[in-house]
>>> print(open('entry_35.tsv').read())   # TSV, C-alpha atoms
chain	number	residue	atom	x	y	z
A	26	MET	CA	91.81	105.80	51.61
A	27	SER	CA	92.66	108.05	54.53
A	28	LYS	CA	95.30	110.68	54.21
A	29	PRO	CA	98.40	110.37	56.38
A	30	ILE	CA	98.61	112.73	59.35
A	31	MET	CA	101.23	115.35	58.72
A	32	ARG	CA	103.34	116.48	61.71
A	33	PRO	CA	105.39	119.66	61.56
A	34	LYS	CA	109.11	119.08	61.24
A	35	THR	CA	111.31	120.10	64.12
A	36	SER	CA	114.56	121.78	63.15
A	37	LEU	CA	117.84	120.41	64.42
A	38	ARG	CA	118.39	123.65	66.35
A	39	ALA	CA	115.00	123.28	68.05
A	40	GLN	CA	115.75	119.67	68.97
A	41	ARG	CA	119.05	120.69	70.53
A	42	ALA	CA	117.37	123.49	72.41
A	43	LEU	CA	114.73	121.10	73.72
A	44	ARG	CA	117.38	118.63	74.91
A	45	SER	CA	119.27	121.44	76.62
A	46	PHE	CA	116.09	122.54	78.39
A	47	VAL	CA	115.37	119.03	79.66
A	48	VAL	CA	118.94	118.59	80.96
A	49	ALA	CA	118.91	122.02	82.59
A	50	SER	CA	115.54	121.33	84.21
A	51	SER	CA	116.78	118.00	85.56
A	52	ALA	CA	119.91	119.61	86.94
A	53	LEU	CA	117.84	122.36	88.56
A	54	ALA	CA	115.59	119.81	90.21
A	55	LEU	CA	118.58	117.83	91.44
A	56	GLY	CA	120.29	120.97	92.67
A	57	ALA	CA	117.21	121.98	94.63
A	58	GLY	CA	117.20	118.62	96.43
A	59	LEU	CA	120.89	118.90	97.27
A	60	PHE	CA	120.54	122.53	98.32
A	61	ALA	CA	117.93	121.59	100.90
A	62	GLN	CA	120.50	119.36	102.62
A	63	THR	CA	123.83	121.11	102.07
A	64	SER	CA	122.61	124.62	102.88
A	65	ALA	CA	121.84	123.77	106.51
A	66	PRO	CA	123.68	126.18	108.79
A	67	ASP	CA	126.41	124.75	110.99
A	68	ILE	CA	125.75	124.70	114.74
A	69	THR	CA	128.76	125.27	116.97
A	70	TYR	CA	129.20	122.67	119.68
A	71	ASP	CA	131.50	121.13	122.25
A	72	ALA	CA	131.86	117.45	123.04
A	73	ASN	CA	133.19	115.39	125.93
A	74	ALA	CA	134.34	111.98	124.70
A	75	ASP	CA	135.78	110.90	128.06
A	76	LEU	CA	132.82	111.39	130.38
A	77	LEU	CA	132.08	107.78	131.36
A	78	LYS	CA	134.44	106.11	133.84
A	79	LEU	CA	134.44	102.31	133.80
A	80	PRO	CA	135.88	99.86	136.32
A	81	ASP	CA	139.09	98.13	135.24
A	82	ASN	CA	137.29	94.85	134.58
A	83	ILE	CA	134.52	96.27	132.35
A	84	HIS	CA	135.13	97.51	128.83
A	85	MET	CA	132.91	99.53	126.52
A	86	GLY	CA	132.11	97.93	123.17
A	87	GLU	CA	129.89	99.34	120.46
A	88	ALA	CA	127.64	101.87	122.22
A	89	ALA	CA	124.41	100.84	120.52
A	90	GLY	CA	122.05	102.56	122.96
A	91	VAL	CA	122.26	105.50	125.35
A	92	ALA	CA	119.58	107.15	127.49
A	93	THR	CA	119.19	109.32	130.60
A	94	ASN	CA	116.64	109.20	133.42
A	95	SER	CA	115.01	112.00	135.43
A	96	LYS	CA	118.02	112.17	137.79
A	97	GLY	CA	120.44	112.62	134.93
A	98	HIS	CA	121.87	109.12	135.25
A	99	ILE	CA	123.22	107.69	132.00
A	100	PHE	CA	122.40	104.20	130.72
A	101	VAL	CA	124.42	102.52	127.98
A	102	TYR	CA	123.50	99.29	126.20
A	103	THR	CA	126.74	98.10	124.69
A	104	ARG	CA	127.84	95.19	122.50
A	105	THR	CA	130.51	93.77	124.76
A	106	GLY	CA	131.13	90.95	127.20
A	107	ALA	CA	131.72	87.25	126.79
A	108	ALA	CA	129.38	85.96	124.12
A	109	HIS	CA	128.84	82.20	124.06
A	110	ALA	CA	127.68	80.03	121.17
A	111	THR	CA	127.10	76.29	121.17
A	112	VAL	CA	127.29	74.70	117.73
A	113	GLY	CA	125.10	71.65	117.23
A	114	SER	CA	124.72	69.43	114.19
A	115	SER	CA	122.60	72.02	112.37
A	116	ARG	CA	121.99	74.89	114.82
A	117	THR	CA	123.89	77.55	116.72
A	118	PHE	CA	122.67	78.66	120.17
A	119	TYR	CA	123.71	82.14	121.32
A	120	LYS	CA	123.96	83.58	124.82
A	121	SER	CA	125.21	86.92	126.15
A	122	GLY	CA	127.22	89.40	124.07
A	123	SER	CA	125.78	92.68	125.42
A	124	ARG	CA	125.69	94.53	128.75
A	125	LEU	CA	123.53	97.29	130.26
A	126	LEU	CA	125.58	99.79	132.29
A	127	GLN	CA	124.45	102.69	134.52
A	128	PHE	CA	126.47	105.82	135.36
A	129	ASP	CA	125.61	108.85	137.48
A	130	GLN	CA	125.35	112.34	136.03
A	131	THR	CA	129.12	112.89	136.47
A	132	GLY	CA	129.97	109.73	134.51
A	133	LYS	CA	130.86	107.63	137.56
A	134	PHE	CA	129.98	103.94	137.17
A	135	VAL	CA	127.00	102.92	139.33
A	136	ARG	CA	126.10	99.33	138.43
A	137	GLU	CA	125.42	96.75	135.76
A	138	ILE	CA	121.77	95.79	135.18
A	139	GLY	CA	120.53	92.44	133.91
A	140	GLN	CA	123.82	90.60	133.92
A	141	GLY	CA	123.30	87.27	132.17
A	142	VAL	CA	119.76	88.08	130.99
A	143	TYR	CA	118.62	85.56	128.37
A	144	GLY	CA	117.68	88.22	125.80
A	145	PHE	CA	120.95	90.21	125.91
A	146	ASN	CA	122.59	89.14	122.63
A	147	PHE	CA	123.20	92.03	120.24
A	148	ALA	CA	122.43	95.45	121.71
A	149	GLN	CA	120.33	97.86	119.67
A	150	ALA	CA	118.75	100.53	121.91
A	151	VAL	CA	117.91	101.62	125.45
A	152	HIS	CA	115.30	104.17	126.51
A	153	ILE	CA	113.90	105.51	129.80
A	154	ASP	CA	110.15	106.14	130.07
A	155	PRO	CA	108.50	108.93	132.14
A	156	GLN	CA	108.36	106.62	135.18
A	157	ASP	CA	112.12	105.95	134.91
A	158	ASN	CA	111.55	102.38	133.77
A	159	ILE	CA	114.37	101.09	131.58
A	160	TRP	CA	113.53	99.63	128.16
A	161	VAL	CA	116.09	97.58	126.27
A	162	VAL	CA	115.84	96.63	122.59
A	163	ASP	CA	117.98	93.73	121.42
A	164	GLN	CA	118.47	93.13	117.72
A	165	GLY	CA	119.86	89.62	118.13
A	166	SER	CA	117.15	88.15	120.36
A	167	SER	CA	114.47	90.45	118.84
A	168	ASN	CA	113.28	91.14	122.40
A	169	VAL	CA	112.00	94.36	123.94
A	170	ILE	CA	112.59	94.11	127.71
A	171	LYS	CA	111.21	96.49	130.35
A	172	PHE	CA	112.99	96.83	133.71
A	173	ASP	CA	111.76	98.83	136.69
A	174	PRO	CA	114.14	101.48	138.12
A	175	ASP	CA	115.60	98.85	140.49
A	176	GLY	CA	116.49	96.55	137.61
A	177	ARG	CA	113.70	93.97	137.91
A	178	ILE	CA	112.14	92.70	134.69
A	179	LEU	CA	108.52	93.82	134.28
A	180	LEU	CA	107.69	92.95	130.66
A	181	VAL	CA	109.15	91.02	127.75
A	182	LEU	CA	107.90	91.42	124.18
A	183	SER	CA	108.68	88.86	121.46
A	184	ARG	CA	110.45	85.57	121.99
A	185	LYS	CA	114.11	84.90	121.43
A	186	PRO	CA	114.63	82.29	118.68
A	187	GLU	CA	115.64	79.01	120.26
A	188	ALA	CA	118.20	78.35	117.55
A	189	ILE	CA	119.41	79.73	114.25
A	190	ALA	CA	120.80	78.22	111.07
A	191	VAL	CA	124.55	77.70	111.08
A	192	ARG	CA	126.41	79.84	108.57
A	193	PRO	CA	129.07	78.17	106.39
A	194	ALA	CA	131.93	79.90	108.25
A	195	ALA	CA	130.68	78.88	111.68
A	196	GLY	CA	132.33	75.46	111.58
A	197	ARG	CA	135.79	76.95	112.27
A	198	GLY	CA	135.09	77.59	115.93
A	199	GLY	CA	132.53	77.84	118.66
A	200	ASP	CA	131.76	81.54	118.60
A	201	GLY	CA	130.06	81.59	115.21
A	202	ARG	CA	131.21	85.14	114.52
A	203	GLY	CA	131.89	86.46	111.06
A	204	ALA	CA	133.22	89.65	109.59
A	205	ALA	CA	129.89	91.41	109.88
A	206	GLU	CA	129.85	91.17	113.65
A	207	GLY	CA	131.27	94.18	115.42
A	208	ARG	CA	130.62	96.41	112.42
A	209	GLY	CA	127.11	97.41	113.39
A	210	THR	CA	125.30	94.41	111.92
A	211	PRO	CA	124.57	91.05	113.53
A	212	PRO	CA	125.79	87.91	111.79
A	213	GLU	CA	123.58	86.51	109.09
A	214	GLY	CA	120.58	84.82	110.62
A	215	ARG	CA	121.31	85.97	114.16
A	216	GLY	CA	117.95	87.63	114.43
A	217	ALA	CA	116.19	85.04	112.29
A	218	PRO	CA	113.39	82.90	113.68
A	219	ALA	CA	113.60	79.35	114.78
A	220	GLU	CA	111.53	76.81	112.94
A	221	GLY	CA	107.87	76.81	113.82
A	222	ARG	CA	107.66	80.57	114.42
A	223	GLY	CA	106.28	81.52	111.06
A	224	ALA	CA	109.52	81.50	109.17
A	225	GLY	CA	109.35	81.53	105.41
A	226	ALA	CA	111.05	83.22	102.49
A	227	GLU	CA	110.60	86.48	104.33
A	228	GLY	CA	111.56	85.23	107.77
A	229	ARG	CA	108.61	85.91	110.03
A	230	GLY	CA	107.50	88.86	107.94
A	231	GLY	CA	104.58	88.06	105.71
A	232	ALA	CA	104.81	84.36	106.34
A	233	GLN	CA	101.35	83.89	107.79
A	234	GLY	CA	98.14	85.83	107.88
A	235	ALA	CA	95.92	86.90	110.74
A	236	PRO	CA	94.12	84.18	112.71
A	237	LEU	CA	90.63	83.31	111.52
A	238	ALA	CA	87.76	81.76	113.47
A	239	GLY	CA	88.72	78.42	114.99
A	240	GLY	CA	92.41	79.35	115.14
A	241	ARG	CA	93.11	78.86	111.43
A	242	LEU	CA	95.56	81.22	109.78
A	243	GLY	CA	94.44	83.49	106.99
A	244	PRO	CA	96.36	84.15	103.76
A	245	PRO	CA	99.88	85.57	104.05
A	246	GLY	CA	100.25	89.34	104.16
A	247	PRO	CA	102.66	91.36	102.03
A	248	PRO	CA	106.38	90.73	102.63
A	249	GLY	CA	107.47	92.36	105.88
A	250	SER	CA	103.97	92.79	107.33
A	251	GLY	CA	104.68	90.19	109.98
A	252	ILE	CA	102.39	88.08	112.15
A	253	PRO	CA	99.87	90.03	114.26
A	254	GLY	CA	101.38	90.30	117.72
A	255	ASP	CA	104.88	90.55	119.12
A	256	SER	CA	106.70	88.17	116.81
A	257	PHE	CA	109.58	90.53	115.96
A	258	THR	CA	112.64	90.14	113.74
A	259	ARG	CA	115.78	92.22	114.35
A	260	THR	CA	113.88	94.74	116.45
A	261	ALA	CA	115.06	98.34	115.98
A	262	ASP	CA	113.50	100.63	118.58
A	263	VAL	CA	110.64	101.36	121.00
A	264	ALA	CA	108.68	104.46	122.08
A	265	TRP	CA	105.44	105.37	123.93
A	266	ASP	CA	102.60	107.86	123.76
A	267	ARG	CA	101.09	109.76	126.69
A	268	ALA	CA	98.62	106.94	127.41
A	269	GLY	CA	101.49	104.49	127.75
A	270	ASN	CA	100.80	102.68	124.46
A	271	ILE	CA	103.95	101.01	123.15
A	272	TYR	CA	105.21	101.43	119.58
A	273	VAL	CA	107.89	99.08	118.25
A	274	ALA	CA	109.95	99.64	115.10
A	275	ASP	CA	110.16	96.03	113.94
A	276	GLY	CA	112.69	95.13	111.29
A	277	ILE	CA	116.19	96.45	110.61
A	278	GLY	CA	116.67	94.12	107.66
A	279	THR	CA	116.39	95.41	104.10
A	280	THR	CA	115.49	92.18	102.31
A	281	THR	CA	114.12	89.71	104.89
A	282	GLY	CA	112.16	89.75	108.13
A	283	ASN	CA	109.59	92.29	109.23
A	284	ALA	CA	109.24	95.88	108.04
A	285	ARG	CA	106.46	97.36	110.16
A	286	VAL	CA	105.44	99.33	113.24
A	287	ALA	CA	103.63	97.31	115.91
A	288	LYS	CA	101.43	99.00	118.55
A	289	PHE	CA	100.58	97.57	121.99
A	290	ASP	CA	98.73	98.87	125.04
A	291	LYS	CA	100.64	99.70	128.23
A	292	ASP	CA	100.34	96.08	129.41
A	293	GLY	CA	101.77	94.63	126.20
A	294	HIS	CA	98.53	93.54	124.53
A	295	PHE	CA	98.70	93.80	120.76
A	296	ILE	CA	96.54	96.54	119.20
A	297	LYS	CA	97.59	96.75	115.56
A	298	SER	CA	100.52	97.02	113.16
A	299	TRP	CA	101.11	98.83	109.90
A	300	GLY	CA	103.57	98.79	107.04
A	301	PHE	CA	105.42	96.24	104.95
A	302	ARG	CA	108.50	96.21	102.74
A	303	GLY	CA	108.54	98.79	99.96
A	304	SER	CA	109.26	102.40	99.06
A	305	GLU	CA	105.78	103.92	98.85
A	306	PRO	CA	104.37	106.08	101.67
A	307	GLY	CA	103.55	103.84	104.61
A	308	GLN	CA	106.04	101.18	103.51
A	309	PHE	CA	109.48	100.58	105.01
A	310	SER	CA	112.99	99.40	104.22
A	311	SER	CA	115.25	98.99	107.27
A	312	LEU	CA	113.60	100.72	110.20
A	313	ARG	CA	116.24	102.26	112.48
A	314	GLY	CA	114.37	104.37	115.02
A	315	ILE	CA	111.01	105.55	116.32
A	316	ALA	CA	109.93	108.56	118.39
A	317	LEU	CA	106.67	110.34	119.30
A	318	ASP	CA	105.90	114.02	119.75
A	319	ALA	CA	103.57	115.53	122.34
A	320	GLN	CA	100.59	115.27	119.96
A	321	GLY	CA	101.08	111.53	119.56
A	322	ASN	CA	102.49	111.66	116.04
A	323	VAL	CA	104.85	108.77	115.27
A	324	TYR	CA	108.18	109.47	113.56
A	325	VAL	CA	109.91	106.45	111.99
A	326	ALA	CA	113.49	106.42	110.67
A	327	ASP	CA	113.04	104.59	107.35
A	328	ALA	CA	116.75	104.32	106.57
A	329	GLY	CA	116.52	102.13	103.47
A	330	ASN	CA	114.31	104.74	101.81
A	331	LYS	CA	116.37	107.70	103.12
A	332	ARG	CA	113.46	109.37	104.87
A	333	ILE	CA	111.64	109.88	108.14
A	334	GLN	CA	107.96	109.02	107.86
A	335	VAL	CA	105.38	110.67	110.12
A	336	PHE	CA	102.12	108.91	111.10
A	337	ASP	CA	99.28	109.50	113.47
A	338	GLY	CA	98.83	107.02	116.31
A	339	ASP	CA	96.70	104.76	114.10
A	340	GLY	CA	99.30	104.46	111.34
A	341	ASN	CA	97.89	106.96	108.85
A	342	VAL	CA	100.63	108.70	106.87
A	343	LYS	CA	100.89	112.42	107.59
A	344	ALA	CA	104.24	113.53	106.15
A	345	GLN	CA	107.72	112.55	104.97
A	346	ILE	CA	111.05	114.20	105.74
A	347	ALA	CA	113.57	113.26	103.07
A	348	ASN	CA	116.37	115.84	103.15
A	349	VAL	CA	118.57	114.55	105.98
A	350	GLY	CA	120.54	111.74	104.38
A	351	VAL	CA	120.07	108.26	105.85
A	352	PRO	CA	118.34	108.61	109.24
A	353	SER	CA	120.04	106.05	111.46
A	354	ALA	CA	119.12	107.43	114.89
A	355	ILE	CA	116.35	109.89	115.79
A	356	CYS	CA	115.22	111.64	118.96
A	357	ILE	CA	112.54	114.22	119.85
A	358	THR	CA	113.10	116.65	122.70
A	359	PRO	CA	110.51	117.23	125.45
A	360	GLY	CA	109.20	120.67	126.39
A	361	ALA	CA	106.86	123.21	124.84
A	362	HIS	CA	108.94	123.66	121.67
A	363	GLN	CA	110.03	120.24	120.49
A	364	TYR	CA	112.88	119.53	118.10
A	365	LEU	CA	113.76	116.44	116.09
A	366	TYR	CA	117.36	115.20	115.90
A	367	SER	CA	118.42	112.83	113.12
A	368	SER	CA	121.86	111.34	112.45
A	369	ASN	CA	123.06	110.79	108.89
A	370	SER	CA	125.40	108.11	110.22
A	371	ASN	CA	128.36	106.97	108.19
A	372	ASP	CA	128.56	103.41	106.95
A	373	PRO	CA	131.03	101.44	109.12
A	374	ASP	CA	133.25	100.91	106.06
A	375	THR	CA	133.63	104.62	105.27
A	376	LEU	CA	134.00	108.00	106.95
A	377	ASP	CA	131.50	109.72	104.67
A	378	ASN	CA	128.78	111.99	106.07
A	379	GLY	CA	128.22	111.48	109.81
A	380	GLU	CA	126.55	114.81	110.54
A	381	ILE	CA	123.59	115.18	112.91
A	382	TYR	CA	120.65	117.41	111.95
A	383	LYS	CA	118.44	119.49	114.24
A	384	LEU	CA	114.97	120.02	112.77
A	385	GLU	CA	111.61	121.50	113.54
A	386	LEU	CA	108.91	118.86	113.68
A	387	ASP	CA	107.65	119.97	110.26
A	388	GLY	CA	111.00	118.97	108.75
A	389	LYS	CA	112.57	122.43	108.50
A	390	ILE	CA	116.31	122.13	109.18
A	391	VAL	CA	117.50	124.35	112.01
A	392	GLY	CA	121.13	123.36	111.53
A	393	LYS	CA	123.64	120.53	111.54
A	394	PHE	CA	126.83	119.63	113.34
A	395	GLY	CA	129.62	117.07	113.28
A	396	ARG	CA	131.14	114.75	110.72
A	397	ALA	CA	132.36	111.15	110.58
A	398	GLY	CA	135.72	110.43	112.18
A	399	HIS	CA	137.59	109.04	115.15
A	400	LEU	CA	138.60	112.21	117.01
A	401	PRO	CA	136.60	113.87	119.79
A	402	LYS	CA	133.75	115.94	118.31
A	403	GLU	CA	133.65	113.53	115.35
A	404	PHE	CA	131.19	110.65	115.11
A	405	GLY	CA	131.72	107.01	114.19
A	406	THR	CA	128.45	105.40	113.04
A	407	VAL	CA	125.99	106.96	115.47
A	408	ASN	CA	123.33	104.45	116.55
A	409	ALA	CA	121.68	106.36	119.41
A	410	ILE	CA	120.86	109.92	120.44
A	411	ASP	CA	119.45	110.95	123.82
A	412	CYS	CA	117.95	114.45	123.77
A	413	ARG	CA	116.29	114.98	127.16
A	414	SER	CA	117.60	118.56	126.88
A	415	ASP	CA	117.22	120.74	123.76
A	416	ASN	CA	120.93	121.48	123.42
A	417	GLU	CA	122.61	118.80	125.52
A	418	LEU	CA	122.80	115.39	123.86
A	419	PHE	CA	124.35	112.01	124.53
A	420	VAL	CA	125.48	110.25	121.36
A	421	GLY	CA	126.26	106.52	121.17
A	422	GLU	CA	128.75	105.39	118.53
A	423	LEU	CA	129.38	101.93	117.11
A	424	LEU	CA	132.66	102.53	115.31
A	425	ASN	CA	134.45	104.37	118.15
A	426	TRP	CA	133.09	102.33	121.09
A	427	ARG	CA	132.09	105.40	123.08
A	428	VAL	CA	129.41	107.83	124.23
A	429	GLN	CA	129.98	111.54	123.74
A	430	LYS	CA	128.21	114.28	125.65
A	431	VAL	CA	127.49	117.01	123.10
A	432	THR	CA	126.63	120.60	124.07
A	433	LEU	CA	125.22	122.79	121.28
A	434	HIS	CA	125.66	126.54	121.10
A	435	PRO	CA	122.94	127.65	118.68
A	436	ALA	CA	123.00	131.19	117.31
A	437	ARG	CA	120.77	133.59	119.25
>>> encode(input="entry_35.tsv", output="structure tokens")
Amino acid sequence: MSKPIMRPKTSLRAQRALRSFVVASSALALGAGLFAQTSAPDITYDANADLLKLPDNIHMGEAAGVATNSKGHIFVYTRTGAAHATVGSSRTFYKSGSRLLQFDQTGKFVREIGQGVYGFNFAQAVHIDPQDNIWVVDQGSSNVIKFDPDGRILLVLSRKPEAIAVRPAAGRGGDGRGAAEGRGTPPEGRGAPAEGRGAGAEGRGGAQGAPLAGGRLGPPGPPGSGIPGDSFTRTADVAWDRAGNIYVADGIGTTTGNARVAKFDKDGHFIKSWGFRGSEPGQFSSLRGIALDAQGNVYVADAGNKRIQVFDGDGNVKAQIANVGVPSAICITPGAHQYLYSSNSNDPDTLDNGEIYKLELDGKIVGKFGRAGHLPKEFGTVNAIDCRSDNELFVGELLNWRVQKVTLHPAR
């Protein structure tokens, strides 16, 4: 018969000391994480909240996207205008609801671009490429639309759903709008696919696998991985590398739809995609922005996981930046010394946070500025940052229906 193993007794004092050590260690670790965010030095700045001058018959709505071209002209993609919805027996058909406006460098209104375009439903982003082409991202239609500098459409990625499921509240009227609309989020299902486009429990994301020989579909991919190609859901953002390859952040949703980055050549031919829903490196939860540095590294605002993930151009994970709150809009400056801007935007239902961080590309925080609020120099749910200049930014806000020109005065 074997003898029982004898373990040394631990005194009550030793047990208490051990518990105290564990609690202190946990607090120290938590404090270190908070210190990395709250210790960022404040950057002094000025802001002009009244730069843009609109005609009497045009009104700014939620400023979802803002960008500048090589001449300094300012482009705003705003959630405004007369949206139309036709309610059928089981479907709602949407049209309009967003407008693309151009101003000169002094803020004087120049023109409206794309009035009545089929894919203008629920504005998400606008960007200007090195050739001054205008790229619009629409969360409602899930389209990415490229215009030339004269306003002619050159390329359309993804296909607008022909119809969406009617929500229970939609029977009260013809507009189909609910409380979520106008608060930074499209109505439920507005970016969802129509039948026959690979919709399943995950929307289009993960519903079908890659095509096999003879046109047959392979097994479904992980939730959020999407269908190979430009079948987007609630598209978030677009960017390019030096060769003109197109990178799309596909999937603002946290529980349904896609959660991936899709890469295309300059002509819109699909190359590859990476990512699916999750919290591990290389996985995503609510993509909000995408930007590339001069070396071709891809920075993705992974808001649901409170981090910015960094990849090479083939989708291999290189780094994570996780000390800037919830990255809701990001931008990388041009020039020899590039900086990364990231907005810790407030939720539309609160005035918490709201600061914007300036970082080195390795994630080191240079400083921060601003807070959530309604006054000039305060920010109301920032959805877009244009940073063509290191210290002169244009910031698009959802909550305050405006664009502010922000001038930083960093310490020398």
>>> residues_around(input="entry_35.tsv", residues="segment 262-267 of chain A", least_positions_apart="2", cutoff="10 Å", atoms="all atoms listed in the file", output="MDAnalysis selection string")
chainID A and resid 90 149:155 160:164 169 259:260 269:277 286:291 312:326 338 354
>>> closest_residue(input="entry_35.tsv", among="A:Thr279, A:Ile178, A:Asp129, A:Leu365", to="Leu418 of chain A", atoms="only C-alpha atoms")
A:Leu365
>>> atom_distance(input="entry_35.tsv", atom1="atom CA of Phe404 of chain A", atom2="atom CA of Leu77 of chain A")
16.5 Å
>>> closest_residue(input="entry_35.tsv", among="A:Ser311, A:Ser167, A:Ser368, A:Asn283", to="Trp299 of chain A", atoms="all atoms listed in the file")
A:Asn283
>>> atom_distance(input="entry_35.tsv", atom1="atom CA of Gln363 of chain A", atom2="atom CA of Leu182 of chain A")
29.1 Å
>>> residues_around(input="entry_35.tsv", residues="segment 137-140 of chain A", least_positions_apart="6", cutoff="10 Å", atoms="all atoms listed in the file", output="PyMOL selection string")
chain A and resi 83+100-102+106+121+123-128+159+172+174-178
>>> residues_around(input="entry_35.tsv", residues="segment 374-384 of chain A", least_positions_apart="5", cutoff="10 Å", atoms="only C-alpha atoms", output="PyMOL selection string")
chain A and resi 62+65-68+208+346+348-357+363-369+389-399+403-407+410+415-416+420+424
>>> write_last_selection(input="entry_35.tsv", atoms="C-alpha atoms", output="PDB file, keeping the file's coordinate frame")
ATOM      1  CA  GLN A  62     120.500 119.360 102.620  1.00  0.00           C
ATOM      2  CA  ALA A  65     121.840 123.770 106.510  1.00  0.00           C
ATOM      3  CA  PRO A  66     123.680 126.180 108.790  1.00  0.00           C
ATOM      4  CA  ASP A  67     126.410 124.750 110.990  1.00  0.00           C
ATOM      5  CA  ILE A  68     125.750 124.700 114.740  1.00  0.00           C
ATOM      6  CA  ARG A 208     130.620  96.410 112.420  1.00  0.00           C
ATOM      7  CA  ILE A 346     111.050 114.200 105.740  1.00  0.00           C
ATOM      8  CA  ASN A 348     116.370 115.840 103.150  1.00  0.00           C
ATOM      9  CA  VAL A 349     118.570 114.550 105.980  1.00  0.00           C
ATOM     10  CA  GLY A 350     120.540 111.740 104.380  1.00  0.00           C
ATOM     11  CA  VAL A 351     120.070 108.260 105.850  1.00  0.00           C
ATOM     12  CA  PRO A 352     118.340 108.610 109.240  1.00  0.00           C
ATOM     13  CA  SER A 353     120.040 106.050 111.460  1.00  0.00           C
ATOM     14  CA  ALA A 354     119.120 107.430 114.890  1.00  0.00           C
ATOM     15  CA  ILE A 355     116.350 109.890 115.790  1.00  0.00           C
ATOM     16  CA  CYS A 356     115.220 111.640 118.960  1.00  0.00           C
ATOM     17  CA  ILE A 357     112.540 114.220 119.850  1.00  0.00           C
ATOM     18  CA  GLN A 363     110.030 120.240 120.490  1.00  0.00           C
ATOM     19  CA  TYR A 364     112.880 119.530 118.100  1.00  0.00           C
ATOM     20  CA  LEU A 365     113.760 116.440 116.090  1.00  0.00           C
ATOM     21  CA  TYR A 366     117.360 115.200 115.900  1.00  0.00           C
ATOM     22  CA  SER A 367     118.420 112.830 113.120  1.00  0.00           C
ATOM     23  CA  SER A 368     121.860 111.340 112.450  1.00  0.00           C
ATOM     24  CA  ASN A 369     123.060 110.790 108.890  1.00  0.00           C
ATOM     25  CA  LYS A 389     112.570 122.430 108.500  1.00  0.00           C
ATOM     26  CA  ILE A 390     116.310 122.130 109.180  1.00  0.00           C
ATOM     27  CA  VAL A 391     117.500 124.350 112.010  1.00  0.00           C
ATOM     28  CA  GLY A 392     121.130 123.360 111.530  1.00  0.00           C
ATOM     29  CA  LYS A 393     123.640 120.530 111.540  1.00  0.00           C
ATOM     30  CA  PHE A 394     126.830 119.630 113.340  1.00  0.00           C
ATOM     31  CA  GLY A 395     129.620 117.070 113.280  1.00  0.00           C
ATOM     32  CA  ARG A 396     131.140 114.750 110.720  1.00  0.00           C
ATOM     33  CA  ALA A 397     132.360 111.150 110.580  1.00  0.00           C
ATOM     34  CA  GLY A 398     135.720 110.430 112.180  1.00  0.00           C
ATOM     35  CA  HIS A 399     137.590 109.040 115.150  1.00  0.00           C
ATOM     36  CA  GLU A 403     133.650 113.530 115.350  1.00  0.00           C
ATOM     37  CA  PHE A 404     131.190 110.650 115.110  1.00  0.00           C
ATOM     38  CA  GLY A 405     131.720 107.010 114.190  1.00  0.00           C
ATOM     39  CA  THR A 406     128.450 105.400 113.040  1.00  0.00           C
ATOM     40  CA  VAL A 407     125.990 106.960 115.470  1.00  0.00           C
ATOM     41  CA  ILE A 410     120.860 109.920 120.440  1.00  0.00           C
ATOM     42  CA  ASP A 415     117.220 120.740 123.760  1.00  0.00           C
ATOM     43  CA  ASN A 416     120.930 121.480 123.420  1.00  0.00           C
ATOM     44  CA  VAL A 420     125.480 110.250 121.360  1.00  0.00           C
ATOM     45  CA  LEU A 424     132.660 102.530 115.310  1.00  0.00           C
TER      46      LEU A 424
END
>>> atom_distance(input="entry_35.tsv", atom1="atom CA of Thr103 of chain A", atom2="atom CA of Gln334 of chain A")
27.5 Å
>>> closest_residue(input="entry_35.tsv", among="A:Ser414, A:Asn146, A:Asn425, A:Ser183", to="Gly165 of chain A", atoms="all atoms listed in the file")
A:Asn146
>>> closest_atom_pairs(input="entry_35.tsv", of="segment 71-90 of chain A", to="segment 426-436 of chain A", cutoff="9 Å", atoms="all atoms listed in the file", output="tab-separated table")
residue	atom	partner	partner_atom	distance
A:Asp71	CA	A:Thr432	CA	5.2
A:Ala72	CA	A:Val431	CA	4.4
A:Asn73	CA	A:Lys430	CA	5.1
A:Ala74	CA	A:Gln429	CA	4.5
A:Asp75	CA	A:Gln429	CA	7.3
A:Leu76	CA	A:Lys430	CA	7.2
A:Leu77	CA	A:Val428	CA	7.6
A:Met85	CA	A:Trp426	CA	6.1
A:Gly86	CA	A:Trp426	CA	5.0
A:Glu87	CA	A:Trp426	CA	4.4
A:Ala88	CA	A:Trp426	CA	5.6
A:Ala89	CA	A:Trp426	CA	8.8
>>> closest_residue(input="entry_35.tsv", among="A:Gly360, A:Gly282, A:Gly303, A:Gly97", to="Ala328 of chain A", atoms="all atoms listed in the file")
A:Gly303
>>> closest_residue(input="entry_35.tsv", among="A:His98, A:Lys343, A:Lys133, A:Arg285", to="Asp387 of chain A", atoms="only C-alpha atoms")
A:Lys343
